[in-house]
$ cat protein12.txt   # compact mmCIF, C-alpha atoms
# COMPACT_ATOMS: atom_id res chain seq x y z
CA MET A 1 54.07 84.11 17.55
CA ALA A 2 53.42 85.24 13.99
CA THR A 3 50.05 84.06 12.66
CA ASP A 4 48.29 83.80 9.35
CA HIS A 5 46.01 86.64 10.41
CA ARG A 6 46.61 90.35 10.47
CA SER A 7 45.89 92.37 13.60
CA VAL A 8 45.75 96.03 14.63
CA LEU A 9 47.05 98.05 17.59
CA LEU A 10 45.43 101.50 17.53
CA LEU A 11 46.94 104.08 19.90
CA ILE A 12 44.77 107.19 20.19
CA ALA A 13 45.76 110.27 22.18
CA ASP A 14 43.43 112.85 23.70
CA ASP A 15 43.71 116.41 22.27
CA TRP A 16 47.09 116.00 20.54
CA SER A 17 47.99 118.28 17.66
CA PRO A 18 50.89 117.15 15.42
CA ILE A 19 53.49 118.29 17.95
CA ALA A 20 56.36 115.82 17.82
CA GLY A 21 59.89 115.65 16.52
CA CYS A 22 58.76 113.80 13.40
CA TYR A 23 56.32 116.66 12.71
CA GLY A 24 59.05 119.28 12.86
CA ASN A 25 58.84 120.48 16.48
CA ARG A 26 62.41 120.70 17.73
CA GLY A 27 61.49 121.74 21.26
CA ILE A 28 59.71 118.55 22.31
CA ARG A 29 61.13 115.12 23.11
CA THR A 30 59.12 112.29 21.52
CA PRO A 31 61.66 109.50 20.80
CA HIS A 32 59.17 106.63 20.65
CA VAL A 33 56.77 108.35 18.26
CA ASP A 34 59.71 109.44 16.15
CA ALA A 35 61.03 105.87 16.04
CA LEU A 36 57.67 104.64 14.74
CA ALA A 37 57.62 107.45 12.18
CA SER A 38 61.05 106.34 10.94
CA ARG A 39 59.55 103.00 9.87
CA GLY A 40 55.99 103.97 9.00
CA THR A 41 53.81 106.16 6.81
CA VAL A 42 53.54 109.66 8.29
CA PHE A 43 50.53 111.61 7.06
CA THR A 44 51.14 115.36 6.99
CA GLN A 45 47.58 116.27 5.94
CA ALA A 46 45.47 114.15 8.28
CA PHE A 47 42.36 115.68 9.83
CA CYS A 48 39.82 114.66 12.42
CA THR A 49 36.29 115.01 11.08
CA THR A 50 35.03 116.79 14.22
CA PRO A 51 37.26 118.42 16.87
CA SER A 52 35.34 116.97 19.82
CA CYS A 53 36.28 113.87 21.75
CA ALA A 54 33.30 111.50 21.73
CA ALA A 55 32.00 112.50 18.31
CA SER A 56 35.46 112.08 16.80
CA ARG A 57 36.07 108.69 18.40
CA ALA A 58 32.74 107.47 17.04
CA CYS A 59 33.89 108.56 13.56
CA VAL A 60 37.05 106.47 14.01
CA LEU A 61 35.19 103.39 15.22
CA THR A 62 32.12 103.48 12.94
CA GLY A 63 33.60 104.97 9.76
CA HIS A 64 30.69 107.42 9.55
CA TYR A 65 30.50 111.19 9.99
CA SER A 66 29.12 112.50 13.27
CA HIS A 67 25.92 113.84 11.72
CA THR A 68 25.23 110.28 10.51
CA HIS A 69 26.40 108.08 13.39
CA GLY A 70 24.41 110.11 15.95
CA GLN A 71 27.14 110.49 18.57
CA TYR A 72 26.82 114.23 18.06
CA GLY A 73 28.70 115.13 21.24
CA HIS A 74 29.89 113.89 24.61
CA THR A 75 28.63 110.69 26.21
CA HIS A 76 29.21 111.49 29.86
CA GLY A 77 27.16 113.32 32.48
CA ILE A 78 24.34 115.56 31.33
CA HIS A 79 25.48 115.47 27.68
CA ASN A 80 24.52 111.82 27.14
CA PHE A 81 24.77 111.51 23.36
CA HIS A 82 24.64 107.96 21.94
CA THR A 83 25.73 106.36 18.69
CA GLN A 84 22.78 105.07 16.64
CA LEU A 85 22.10 101.39 17.34
CA SER A 86 22.09 100.69 13.60
CA MET A 87 25.70 101.80 13.20
CA PRO A 88 28.50 99.34 12.41
CA SER A 89 31.75 99.54 14.34
CA ILE A 90 35.25 98.11 14.19
CA PRO A 91 34.79 95.94 17.31
CA ARG A 92 31.35 94.76 16.19
CA THR A 93 32.51 93.84 12.67
CA LEU A 94 35.81 92.25 13.69
CA GLY A 95 34.24 90.49 16.68
CA SER A 96 31.72 88.87 14.33
CA ALA A 97 34.67 87.72 12.19
CA GLY A 98 36.30 85.94 15.13
CA PHE A 99 38.77 88.61 16.22
CA ALA A 100 39.60 89.33 19.84
CA THR A 101 38.71 92.96 20.51
CA GLY A 102 40.18 94.88 23.41
CA ILE A 103 39.69 98.35 24.85
CA VAL A 104 42.30 99.77 27.23
CA GLY A 105 41.80 103.22 28.75
CA LYS A 106 39.51 105.86 27.34
CA LEU A 107 36.67 104.87 25.02
CA HIS A 108 34.12 107.70 25.53
CA VAL A 109 31.45 106.37 23.16
CA GLN A 110 28.26 104.44 23.82
CA PRO A 111 26.19 102.22 23.79
CA GLU A 112 27.77 98.84 24.47
CA GLU A 113 25.61 97.20 21.80
CA VAL A 114 27.46 99.17 19.13
CA TYR A 115 30.88 98.83 20.76
CA PRO A 116 31.24 95.27 22.14
CA TRP A 117 34.64 94.13 23.42
CA THR A 118 36.02 90.74 24.37
CA TYR A 119 38.39 92.46 26.82
CA ASP A 120 37.44 95.56 28.82
CA GLY A 121 40.37 97.44 30.33
CA GLN A 122 38.74 100.85 30.65
CA GLN A 123 39.33 100.98 34.40
CA VAL A 124 43.04 101.72 34.73
CA SER A 125 44.59 102.03 38.18
CA GLY A 126 45.82 105.62 38.49
CA GLY A 127 43.84 106.68 35.42
CA THR A 128 44.60 106.83 31.73
CA ARG A 129 47.73 108.96 32.25
CA ASN A 130 49.30 106.02 34.06
CA VAL A 131 50.88 104.79 30.87
CA ALA A 132 52.80 101.92 32.48
CA GLU A 133 49.54 100.50 33.83
CA MET A 134 47.96 100.98 30.40
CA ALA A 135 50.78 98.87 28.94
CA ARG A 136 50.23 96.19 31.62
CA HIS A 137 46.59 95.91 30.49
CA ALA A 138 47.76 95.64 26.88
CA GLY A 139 50.09 92.80 27.83
CA GLU A 140 47.26 91.06 29.66
CA PHE A 141 44.98 91.31 26.64
CA LEU A 142 47.68 89.99 24.31
CA SER A 143 48.43 87.11 26.67
CA GLN A 144 44.77 86.12 26.77
CA THR A 145 44.45 86.47 23.00
CA GLY A 146 47.09 83.87 22.17
CA ASP A 147 47.37 83.46 18.42
CA ARG A 148 43.90 84.84 17.56
CA PRO A 149 43.76 87.89 15.30
CA PHE A 150 42.94 90.99 17.32
CA TYR A 151 42.05 94.65 17.40
CA LEU A 152 43.40 96.46 20.46
CA HIS A 153 42.22 100.03 21.00
CA MET A 154 44.24 102.02 23.55
CA GLY A 155 42.87 105.43 24.57
CA PHE A 156 45.42 107.54 26.45
CA GLY A 157 44.37 110.41 28.72
CA ASP A 158 47.29 112.59 27.68
CA PRO A 159 47.65 115.34 26.62
CA HIS A 160 44.11 116.49 27.53
CA ARG A 161 43.76 119.61 29.68
CA ASN A 162 43.80 119.10 33.47
CA PHE A 163 47.10 117.69 32.45
CA GLY A 164 47.66 115.79 35.70
CA ASN A 165 51.26 116.87 35.85
CA GLN A 166 51.07 117.20 39.61
CA GLU A 167 50.96 113.40 39.72
CA THR A 168 53.83 110.98 39.26
CA TYR A 169 53.48 107.41 38.07
CA PRO A 170 55.61 104.32 38.70
CA ASP A 171 58.07 103.53 35.91
CA VAL A 172 57.22 106.77 34.09
CA GLU A 173 59.79 109.54 33.68
CA GLU A 174 58.39 113.03 34.17
CA VAL A 175 59.85 115.15 31.37
CA HIS A 176 59.67 118.84 32.31
CA TYR A 177 59.84 121.85 30.01
CA SER A 178 60.57 125.50 30.61
CA PRO A 179 57.99 127.98 29.27
CA ASP A 180 60.87 129.47 27.27
CA GLU A 181 61.31 126.19 25.34
CA VAL A 182 57.84 125.93 23.85
CA VAL A 183 56.67 127.11 20.46
CA VAL A 184 53.63 129.39 20.74
CA PRO A 185 51.28 128.55 17.82
CA ASP A 186 50.33 131.41 15.51
CA PHE A 187 46.71 131.34 16.75
CA LEU A 188 47.56 132.02 20.40
CA PRO A 189 48.81 135.17 22.12
CA ASP A 190 52.36 134.99 23.41
CA ARG A 191 51.78 135.56 27.13
CA PRO A 192 53.39 133.99 30.22
CA ALA A 193 50.19 132.16 31.14
CA VAL A 194 49.99 130.64 27.66
CA ARG A 195 53.63 129.54 27.72
CA LYS A 196 53.18 127.94 31.13
CA GLU A 197 50.20 125.95 29.87
CA LEU A 198 52.09 124.92 26.75
CA ALA A 199 55.01 123.70 28.89
CA GLU A 200 52.58 121.48 30.83
CA TYR A 201 51.06 120.34 27.54
CA TYR A 202 54.49 119.35 26.22
CA GLN A 203 55.08 117.39 29.43
CA SER A 204 51.87 115.45 28.82
CA ILE A 205 52.93 114.71 25.24
CA SER A 206 56.25 113.31 26.47
CA ARG A 207 54.38 111.06 28.93
CA LEU A 208 52.10 109.95 26.06
CA ASP A 209 55.22 109.19 24.03
CA GLN A 210 56.47 106.87 26.76
CA GLY A 211 53.10 105.14 26.85
CA ILE A 212 53.21 104.57 23.09
CA GLY A 213 56.68 103.07 23.46
CA MET A 214 55.49 100.79 26.27
CA ALA A 215 52.51 99.62 24.23
CA VAL A 216 54.76 98.71 21.30
CA ASP A 217 57.10 96.89 23.70
CA ALA A 218 54.13 94.85 24.96
CA LEU A 219 53.22 93.97 21.38
CA GLU A 220 56.76 92.85 20.63
CA ALA A 221 57.02 90.89 23.90
CA ALA A 222 53.87 88.99 22.92
CA GLY A 223 55.47 88.06 19.60
CA ARG A 224 52.73 89.74 17.58
CA ALA A 225 54.60 92.64 15.97
CA GLY A 226 55.17 90.67 12.78
CA ASP A 227 51.48 90.61 11.83
CA THR A 228 50.19 93.85 13.35
CA LEU A 229 49.41 97.26 11.89
CA ILE A 230 50.19 100.02 14.42
CA VAL A 231 48.10 103.18 14.16
CA VAL A 232 49.21 106.29 16.09
CA MET A 233 46.71 109.14 16.10
CA SER A 234 44.70 111.65 18.14
CA ASP A 235 41.00 112.32 18.52
CA HIS A 236 41.47 116.02 17.59
CA GLY A 237 43.71 119.04 18.06
CA MET A 238 45.18 120.70 21.12
CA PRO A 239 43.02 121.89 24.06
CA PHE A 240 43.43 125.61 23.49
CA PRO A 241 40.93 128.21 22.23
CA GLY A 242 41.06 128.40 18.45
CA ALA A 243 41.90 124.71 18.13
CA LYS A 244 39.75 122.11 19.91
CA GLY A 245 36.05 122.70 19.22
CA SER A 246 36.66 124.99 16.23
CA SER A 247 36.52 124.64 12.44
CA PHE A 248 40.06 125.94 11.97
CA ASP A 249 42.81 123.60 10.84
CA SER A 250 44.38 124.14 14.26
CA GLY A 251 41.55 122.05 15.69
CA HIS A 252 41.32 119.49 12.92
CA ARG A 253 44.88 118.72 11.82
CA CYS A 254 46.24 115.76 13.77
CA PRO A 255 49.13 113.32 13.79
CA LEU A 256 48.60 110.06 11.94
CA ILE A 257 51.28 107.38 11.60
CA LEU A 258 50.64 103.89 10.21
CA VAL A 259 53.37 101.30 10.77
CA ARG A 260 53.33 97.98 8.94
CA PRO A 261 55.80 95.15 9.50
CA ASP A 262 58.84 95.46 7.24
CA ALA A 263 57.45 98.41 5.26
CA PRO A 264 59.33 101.50 4.06
CA SER A 265 59.23 104.91 5.69
CA VAL A 266 57.04 107.35 3.75
CA ARG A 267 55.78 110.90 4.29
CA SER A 268 52.40 111.17 2.60
CA ASP A 269 50.60 114.40 1.70
CA ALA A 270 47.27 112.65 1.01
CA LEU A 271 44.31 114.51 2.50
CA VAL A 272 42.64 111.97 4.76
CA ASN A 273 40.20 112.10 7.67
CA TRP A 274 39.09 109.87 10.52
CA CYS A 275 36.34 108.24 8.49
CA ASN A 276 39.16 106.60 6.52
CA ILE A 277 40.34 104.74 9.65
CA ALA A 278 37.64 102.05 9.89
CA PRO A 279 37.85 100.94 6.25
CA THR A 280 41.65 100.92 6.55
CA VAL A 281 41.57 98.70 9.65
CA LEU A 282 39.10 96.29 8.05
CA ASP A 283 41.07 96.22 4.80
CA TRP A 284 44.29 95.38 6.64
CA CYS A 285 42.49 92.62 8.56
CA GLY A 286 41.01 91.14 5.40
CA VAL A 287 37.43 91.59 6.60
CA GLU A 288 34.68 92.85 4.31
CA PRO A 289 33.58 96.34 5.38
CA PRO A 290 29.92 97.06 6.11
CA GLY A 291 27.99 98.62 3.27
CA GLY A 292 27.49 102.35 3.13
CA LEU A 293 30.79 103.61 4.53
CA PRO A 294 31.40 107.06 3.03
CA GLU A 295 35.20 106.84 2.80
CA ARG A 296 37.84 104.38 1.59
CA SER A 297 40.83 102.46 2.86
CA MET A 298 44.28 104.04 2.97
CA ILE A 299 46.09 100.70 2.64
CA PRO A 300 46.61 101.03 -1.16
CA ILE A 301 48.43 104.37 -0.78
CA LEU A 302 50.71 103.70 2.20
CA ASP A 303 53.81 103.45 0.00
CA GLU A 304 53.06 106.67 -1.91
CA ALA A 305 54.24 110.14 -0.95
CA HIS A 306 51.87 111.93 -3.36
CA PRO A 307 48.99 109.58 -4.21
CA GLU A 308 46.56 110.68 -6.89
CA GLY A 309 42.94 111.28 -6.02
CA TRP A 310 43.47 112.32 -2.39
CA GLU A 311 43.18 116.08 -2.86
CA GLU A 312 40.27 116.97 -0.58
CA THR A 313 38.45 115.80 2.52
CA PHE A 314 35.35 116.75 4.53
CA PHE A 315 34.74 117.87 8.12
CA SER A 316 31.42 117.84 9.98
CA HIS A 317 30.78 119.10 13.51
CA SER A 318 27.62 119.77 15.53
CA PHE A 319 28.27 119.70 19.29
CA HIS A 320 31.07 119.44 21.82
CA GLU A 321 29.27 119.63 25.15
CA VAL A 322 25.48 119.66 24.81
CA THR A 323 25.61 123.43 25.41
CA ASN A 324 28.34 123.93 22.77
CA TYR A 325 26.13 123.92 19.69
CA TYR A 326 27.80 125.26 16.55
CA PRO A 327 27.22 123.03 13.51
CA TYR A 328 29.40 123.42 10.44
CA ARG A 329 30.29 121.43 7.34
CA VAL A 330 33.63 121.88 5.59
CA LEU A 331 35.42 120.85 2.42
CA ARG A 332 39.19 121.04 2.88
CA GLY A 333 41.17 121.08 -0.34
CA ARG A 334 44.88 121.43 -0.82
CA LYS A 335 44.74 125.17 -1.54
CA TYR A 336 41.22 126.25 -0.61
CA LYS A 337 38.95 125.49 2.31
CA TYR A 338 35.20 126.06 2.17
CA VAL A 339 33.33 126.45 5.48
CA ARG A 340 29.55 126.44 5.89
CA ASN A 341 28.55 127.57 9.37
CA LEU A 342 24.89 126.61 9.68
CA TYR A 343 24.04 129.12 12.44
CA PRO A 344 26.47 132.04 12.15
CA GLU A 345 24.26 134.20 14.37
CA LEU A 346 25.59 132.18 17.30
CA THR A 347 28.78 133.11 19.10
CA THR A 348 31.41 130.44 18.67
CA PRO A 349 31.12 128.37 21.87
CA ILE A 350 34.25 127.57 23.83
CA PRO A 351 34.45 124.15 25.51
CA GLY A 352 34.26 124.39 29.30
CA ASP A 353 37.82 123.26 29.95
CA LEU A 354 39.13 125.83 27.47
CA TRP A 355 36.95 128.63 28.82
CA ALA A 356 38.30 128.09 32.34
CA SER A 357 41.90 127.85 31.18
CA PRO A 358 44.50 130.49 32.09
CA THR A 359 44.91 131.11 28.35
CA TRP A 360 41.29 132.16 27.71
CA GLN A 361 41.00 133.94 31.04
CA THR A 362 44.06 136.00 30.07
CA VAL A 363 42.49 136.85 26.70
CA MET A 364 39.35 138.10 28.43
CA ALA A 365 41.07 139.88 31.32
CA GLU A 366 43.48 141.74 29.05
CA GLY A 367 41.00 142.32 26.23
CA ILE A 368 43.41 140.74 23.75
CA GLY A 369 42.19 141.62 20.27
CA MET A 370 44.40 139.19 18.36
CA MET A 371 44.69 135.49 19.03
CA GLY A 372 48.15 135.36 17.57
CA GLN A 373 47.58 136.25 13.91
CA ARG A 374 43.82 135.64 14.13
CA PRO A 375 41.44 138.43 15.25
CA THR A 376 39.62 137.42 18.42
CA GLU A 377 36.38 138.95 17.14
CA ARG A 378 36.52 136.94 13.91
CA PHE A 379 37.11 133.80 15.95
CA LEU A 380 34.04 134.46 18.11
CA HIS A 381 31.73 135.69 15.34
CA GLN A 382 32.10 133.93 12.02
CA ASP A 383 30.43 134.23 8.64
CA GLY A 384 27.81 131.83 7.35
CA GLU A 385 30.06 130.96 4.45
CA ALA A 386 33.81 131.28 4.20
CA LEU A 387 36.45 130.46 1.64
CA PHE A 388 40.06 130.52 2.77
CA ASP A 389 43.26 130.23 0.77
CA VAL A 390 44.98 127.99 3.30
CA GLU A 391 48.26 128.06 1.40
CA ALA A 392 48.57 131.85 1.50
CA ASP A 393 46.52 132.35 4.69
CA PRO A 394 46.99 129.32 6.99
CA GLN A 395 45.49 131.29 9.90
CA GLU A 396 42.18 131.42 7.97
CA SER A 397 41.85 135.12 8.74
CA THR A 398 40.71 136.48 5.34
CA ASN A 399 37.37 135.33 3.97
CA LEU A 400 37.40 135.25 0.14
CA ILE A 401 33.82 134.05 -0.31
CA HIS A 402 32.78 137.26 -2.11
CA ASP A 403 36.01 137.68 -4.11
CA PRO A 404 35.04 137.49 -7.81
CA GLU A 405 38.45 136.05 -8.70
CA VAL A 406 37.65 132.83 -6.83
CA ALA A 407 33.88 132.76 -7.39
CA GLU A 408 34.10 129.59 -9.47
CA VAL A 409 36.14 127.85 -6.76
CA ALA A 410 33.60 128.89 -4.14
CA GLU A 411 30.66 127.65 -6.18
CA THR A 412 32.31 124.30 -6.95
CA MET A 413 33.15 123.67 -3.29
CA ARG A 414 29.72 124.87 -2.14
CA ARG A 415 28.07 122.40 -4.49
CA LYS A 416 30.29 119.54 -3.29
CA VAL A 417 29.42 120.24 0.34
CA LYS A 418 25.70 120.20 -0.48
CA THR A 419 26.10 116.86 -2.26
CA PHE A 420 28.11 115.50 0.67
CA ARG A 421 25.40 116.52 3.11
CA VAL A 422 22.64 114.86 1.11
CA GLU A 423 24.58 111.66 0.41
CA THR A 424 25.60 111.22 4.06
CA ARG A 425 22.03 111.78 5.32
CA ASP A 426 22.79 114.96 7.23
CA PRO A 427 19.72 115.68 9.44
CA TRP A 428 20.53 119.39 9.27
CA VAL A 429 19.70 119.41 5.54
CA LEU A 430 16.01 119.85 6.33
CA ALA A 431 16.70 122.91 8.49
CA SER A 432 18.75 124.43 5.66
CA ILE A 433 15.95 123.79 3.17
CA HIS A 434 13.45 125.42 5.52
CA ALA A 435 15.79 128.41 5.74
CA GLY A 436 15.63 128.77 1.96
CA GLU A 437 18.92 127.20 0.92
CA GLU A 438 18.72 125.71 -2.55
CA GLY A 439 20.42 122.70 -4.12
CA LEU A 440 19.89 120.35 -1.17
CA GLU A 441 17.00 118.31 -2.47
CA SER A 442 17.91 114.65 -2.82

$ encode --input "protein12.txt" --output "structure tokens"
Amino acid sequence: MATDHRSVLLLIADDWSPIAGCYGNRGIRTPHVDALASRGTVFTQAFCTTPSCAASRACVLTGHYSHTHGQYGHTHGIHNFHTQLSMPSIPRTLGSAGFATGIVGKLHVQPEEVYPWTYDGQQVSGGTRNVAEMARHAGEFLSQTGDRPFYLHMGFGDPHRNFGNQETYPDVEEVHYSPDEVVVPDFLPDRPAVRKELAEYYQSISRLDQGIGMAVDALEAAGRAGDTLIVVMSDHGMPFPGAKGSSFDSGHRCPLILVRPDAPSVRSDALVNWCNIAPTVLDWCGVEPPGGLPERSMIPILDEAHPEGWEETFFSHSFHEVTNYYPYRVLRGRKYKYVRNLYPELTTPIPGDLWASPTWQTVMAEGIGMMGQRPTERFLHQDGEALFDVEADPQESTNLIHDPEVAEVAETMRRKVKTFRVETRDPWVLASIHAGEEGLES
């Protein structure tokens, strides 16, 4: 049922680092993701803007940074952050243009006025790890949509912590891994408890992979694959200390695969972030984007492996849970990364699910001084400013901010971050001015 309109199927995972066969991990089985990668554009330098669930998802859906859109942290329970009512969003903009807009599974942003949907499939029988039921909802939405253009947003529960691997689901194969099979990242200690958690994490990723395959099957069964852009991504990095909720690349680097009908396979090294998603979706759909979006569409570069002018990108984080306050602003270049921690006197907060994990409990119980190749103390207590050579030091363990040999690099990146903060209406600018920081006046 090809139409004259272009549509979008966005598949977003929960806490998934780029761990898949197409991203070079030989220990995990992700055939459906790999199949999409074989006919899409795979971004190798894609970053969430904030490594926290709700704030990141609001960046995806509004196209604005978290310090601007106001969804500073979690929506649920006592946290209760909300997106600003004045913010645009993909469902609001496309809905106004006549598109059917569907949410299936996890959304985790509010309020409804900013995120209106013509189909609400957030309540999934068995939860958002029941990927077969998620696909059934997708099929229902597509059946109701007919030949209208659409945006379908599917939020999977995997591979978030509390992995749910004690449950089984109809029509879903449980793919098990031995702790000996997993690859321990270079920011985690190699301990039995860590390997066991990673094995469960891999299992969740394989279940996610099946869900992605089922969603694509539903799209094809509805006859809409010929006019639909498929986006495969994650809200942020893996749910382990030193990744999720932290400024390190291990928390920000994510998978991103864009699949267009009848397009070539490309591996792109463009530096992009989640504020590029909304303008990309709207560009593909042929709908004028709202004014004031800080980033641009990726559609013009999807056929290019090394596009010019995509050499740096920004991060901005303030909260995870309401008690996890640790604001920072970052400029990530290809070789250097500049980090501005606004309150370095604070201890780096660890999200509640990570703090309670066997991994972090092992670190504390054994007094482990090195998180892999990263000192535990430097992870917990960071400098106000940092400059890392991420090519030579991907663990971000050596701060070069006072190295005279890179002083010009540091000053250039510092100035760009200040400009970014002013231009994106960062409310924390005033606090920095009051603290005596110069160069922030608009």

$ closest_atom_pairs --input "protein12.txt" --of "range 272-367 of chain A" --to "range 82-95 of chain A" --cutoff "9 Å" --atoms "only C-alpha atoms" --output "CSV"
residue,atom,partner,partner_atom,distance
A:Ala278,CA,A:Ile90,CA,6.3
A:Pro279,CA,A:Ile90,CA,8.8
A:Val281,CA,A:Ile90,CA,7.8
A:Leu282,CA,A:Ile90,CA,7.5
A:Cys285,CA,A:Leu94,CA,8.4
A:Val287,CA,A:Leu94,CA,7.3
A:Glu288,CA,A:Thr93,CA,8.7
A:Pro289,CA,A:Thr93,CA,7.8
A:Pro290,CA,A:Pro88,CA,6.8

$ closest_residue --input "protein12.txt" --among "A:Arg260, A:His108, A:Arg414, A:Lys244" --to "Tyr336 in chain A" --atoms "all atoms listed in the file"
A:Arg414

$ residues_around --input "protein12.txt" --residues "range 5-16 of chain A" --least-positions-apart "6" --cutoff "8 Å" --atoms "only C-alpha atoms" --output "PDB file with C-alpha atoms, keeping the file's coordinate frame"
ATOM      1  CA  CYS A  53      36.280 113.870  21.750  1.00  0.00           C
ATOM      2  CA  ARG A 148      43.900  84.840  17.560  1.00  0.00           C
ATOM      3  CA  PRO A 149      43.760  87.890  15.300  1.00  0.00           C
ATOM      4  CA  PHE A 150      42.940  90.990  17.320  1.00  0.00           C
ATOM      5  CA  TYR A 151      42.050  94.650  17.400  1.00  0.00           C
ATOM      6  CA  LEU A 152      43.400  96.460  20.460  1.00  0.00           C
ATOM      7  CA  HIS A 153      42.220 100.030  21.000  1.00  0.00           C
ATOM      8  CA  MET A 154      44.240 102.020  23.550  1.00  0.00           C
ATOM      9  CA  GLY A 155      42.870 105.430  24.570  1.00  0.00           C
ATOM     10  CA  PHE A 156      45.420 107.540  26.450  1.00  0.00           C
ATOM     11  CA  GLY A 157      44.370 110.410  28.720  1.00  0.00           C
ATOM     12  CA  ASP A 158      47.290 112.590  27.680  1.00  0.00           C
ATOM     13  CA  PRO A 159      47.650 115.340  26.620  1.00  0.00           C
ATOM     14  CA  HIS A 160      44.110 116.490  27.530  1.00  0.00           C
ATOM     15  CA  ILE A 205      52.930 114.710  25.240  1.00  0.00           C
ATOM     16  CA  LEU A 208      52.100 109.950  26.060  1.00  0.00           C
ATOM     17  CA  ILE A 212      53.210 104.570  23.090  1.00  0.00           C
ATOM     18  CA  ASP A 227      51.480  90.610  11.830  1.00  0.00           C
ATOM     19  CA  THR A 228      50.190  93.850  13.350  1.00  0.00           C
ATOM     20  CA  LEU A 229      49.410  97.260  11.890  1.00  0.00           C
ATOM     21  CA  ILE A 230      50.190 100.020  14.420  1.00  0.00           C
ATOM     22  CA  VAL A 231      48.100 103.180  14.160  1.00  0.00           C
ATOM     23  CA  VAL A 232      49.210 106.290  16.090  1.00  0.00           C
ATOM     24  CA  MET A 233      46.710 109.140  16.100  1.00  0.00           C
ATOM     25  CA  SER A 234      44.700 111.650  18.140  1.00  0.00           C
ATOM     26  CA  ASP A 235      41.000 112.320  18.520  1.00  0.00           C
ATOM     27  CA  HIS A 236      41.470 116.020  17.590  1.00  0.00           C
ATOM     28  CA  GLY A 237      43.710 119.040  18.060  1.00  0.00           C
ATOM     29  CA  MET A 238      45.180 120.700  21.120  1.00  0.00           C
ATOM     30  CA  PRO A 239      43.020 121.890  24.060  1.00  0.00           C
ATOM     31  CA  LYS A 244      39.750 122.110  19.910  1.00  0.00           C
ATOM     32  CA  CYS A 254      46.240 115.760  13.770  1.00  0.00           C
ATOM     33  CA  PRO A 255      49.130 113.320  13.790  1.00  0.00           C
ATOM     34  CA  VAL A 281      41.570  98.700   9.650  1.00  0.00           C
ATOM     35  CA  TRP A 284      44.290  95.380   6.640  1.00  0.00           C
ATOM     36  CA  CYS A 285      42.490  92.620   8.560  1.00  0.00           C
ATOM     37  CA  GLY A 286      41.010  91.140   5.400  1.00  0.00           C
TER      38      GLY A 286
END

$ closest_residue --input "protein12.txt" --among "A:Ala218, A:Ala138, A:Leu258, A:Ala55" --to "Val42 in chain A" --atoms "all atoms listed in the file"
A:Leu258

$ closest_residue --input "protein12.txt" --among "A:Tyr65, A:Phe43, A:Tyr343, A:Phe99" --to "Tyr325 in chain A" --atoms "only C-alpha atoms"
A:Tyr343

$ axis_aligned_box --input "protein12.txt" --around "range 48-63 of chain A" --padding-each-side "8 Å" --output "AutoDock Vina command-line options"
--center_x 35.9 --center_y 110.9 --center_z 15.8 --size_x 23.8 --size_y 31.0 --size_z 28.0

$ closest_residue --input "protein12.txt" --among "A:Asp269, A:Glu321, A:Glu220, A:Glu181" --to "His306 in chain A" --atoms "only C-alpha atoms"
A:Asp269

$ atom_distance --input "protein12.txt" --atom1 "CA of Asp389 in chain A" --atom2 "CA of Ala410 in chain A"
10.9 Å

$ residues_near_point --input "protein12.txt" --point "(42.4, 94.6, 27.6)" --cutoff "9 Å" --atoms "all atoms listed in the file" --output "list of chain:residue names"
A:Thr101, A:Gly102, A:Ile103, A:Val104, A:Gly105, A:Trp117, A:Thr118, A:Tyr119, A:Asp120, A:Gly121, A:Gln122, A:Met134, A:Arg136, A:His137, A:Ala138, A:Gly139, A:Glu140, A:Phe141, A:Leu142, A:Gln144, A:Leu152, A:His153, A:Met154

$ write_last_selection --input "protein12.txt" --atoms "C-alpha atoms" --output "PDB file, in the frame of the given file"
ATOM      1  CA  THR A 101      38.710  92.960  20.510  1.00  0.00           C
ATOM      2  CA  GLY A 102      40.180  94.880  23.410  1.00  0.00           C
ATOM      3  CA  ILE A 103      39.690  98.350  24.850  1.00  0.00           C
ATOM      4  CA  VAL A 104      42.300  99.770  27.230  1.00  0.00           C
ATOM      5  CA  GLY A 105      41.800 103.220  28.750  1.00  0.00           C
ATOM      6  CA  TRP A 117      34.640  94.130  23.420  1.00  0.00           C
ATOM      7  CA  THR A 118      36.020  90.740  24.370  1.00  0.00           C
ATOM      8  CA  TYR A 119      38.390  92.460  26.820  1.00  0.00           C
ATOM      9  CA  ASP A 120      37.440  95.560  28.820  1.00  0.00           C
ATOM     10  CA  GLY A 121      40.370  97.440  30.330  1.00  0.00           C
ATOM     11  CA  GLN A 122      38.740 100.850  30.650  1.00  0.00           C
ATOM     12  CA  MET A 134      47.960 100.980  30.400  1.00  0.00           C
ATOM     13  CA  ARG A 136      50.230  96.190  31.620  1.00  0.00           C
ATOM     14  CA  HIS A 137      46.590  95.910  30.490  1.00  0.00           C
ATOM     15  CA  ALA A 138      47.760  95.640  26.880  1.00  0.00           C
ATOM     16  CA  GLY A 139      50.090  92.800  27.830  1.00  0.00           C
ATOM     17  CA  GLU A 140      47.260  91.060  29.660  1.00  0.00           C
ATOM     18  CA  PHE A 141      44.980  91.310  26.640  1.00  0.00           C
ATOM     19  CA  LEU A 142      47.680  89.990  24.310  1.00  0.00           C
ATOM     20  CA  GLN A 144      44.770  86.120  26.770  1.00  0.00           C
ATOM     21  CA  LEU A 152      43.400  96.460  20.460  1.00  0.00           C
ATOM     22  CA  HIS A 153      42.220 100.030  21.000  1.00  0.00           C
ATOM     23  CA  MET A 154      44.240 102.020  23.550  1.00  0.00           C
TER      24      MET A 154
END
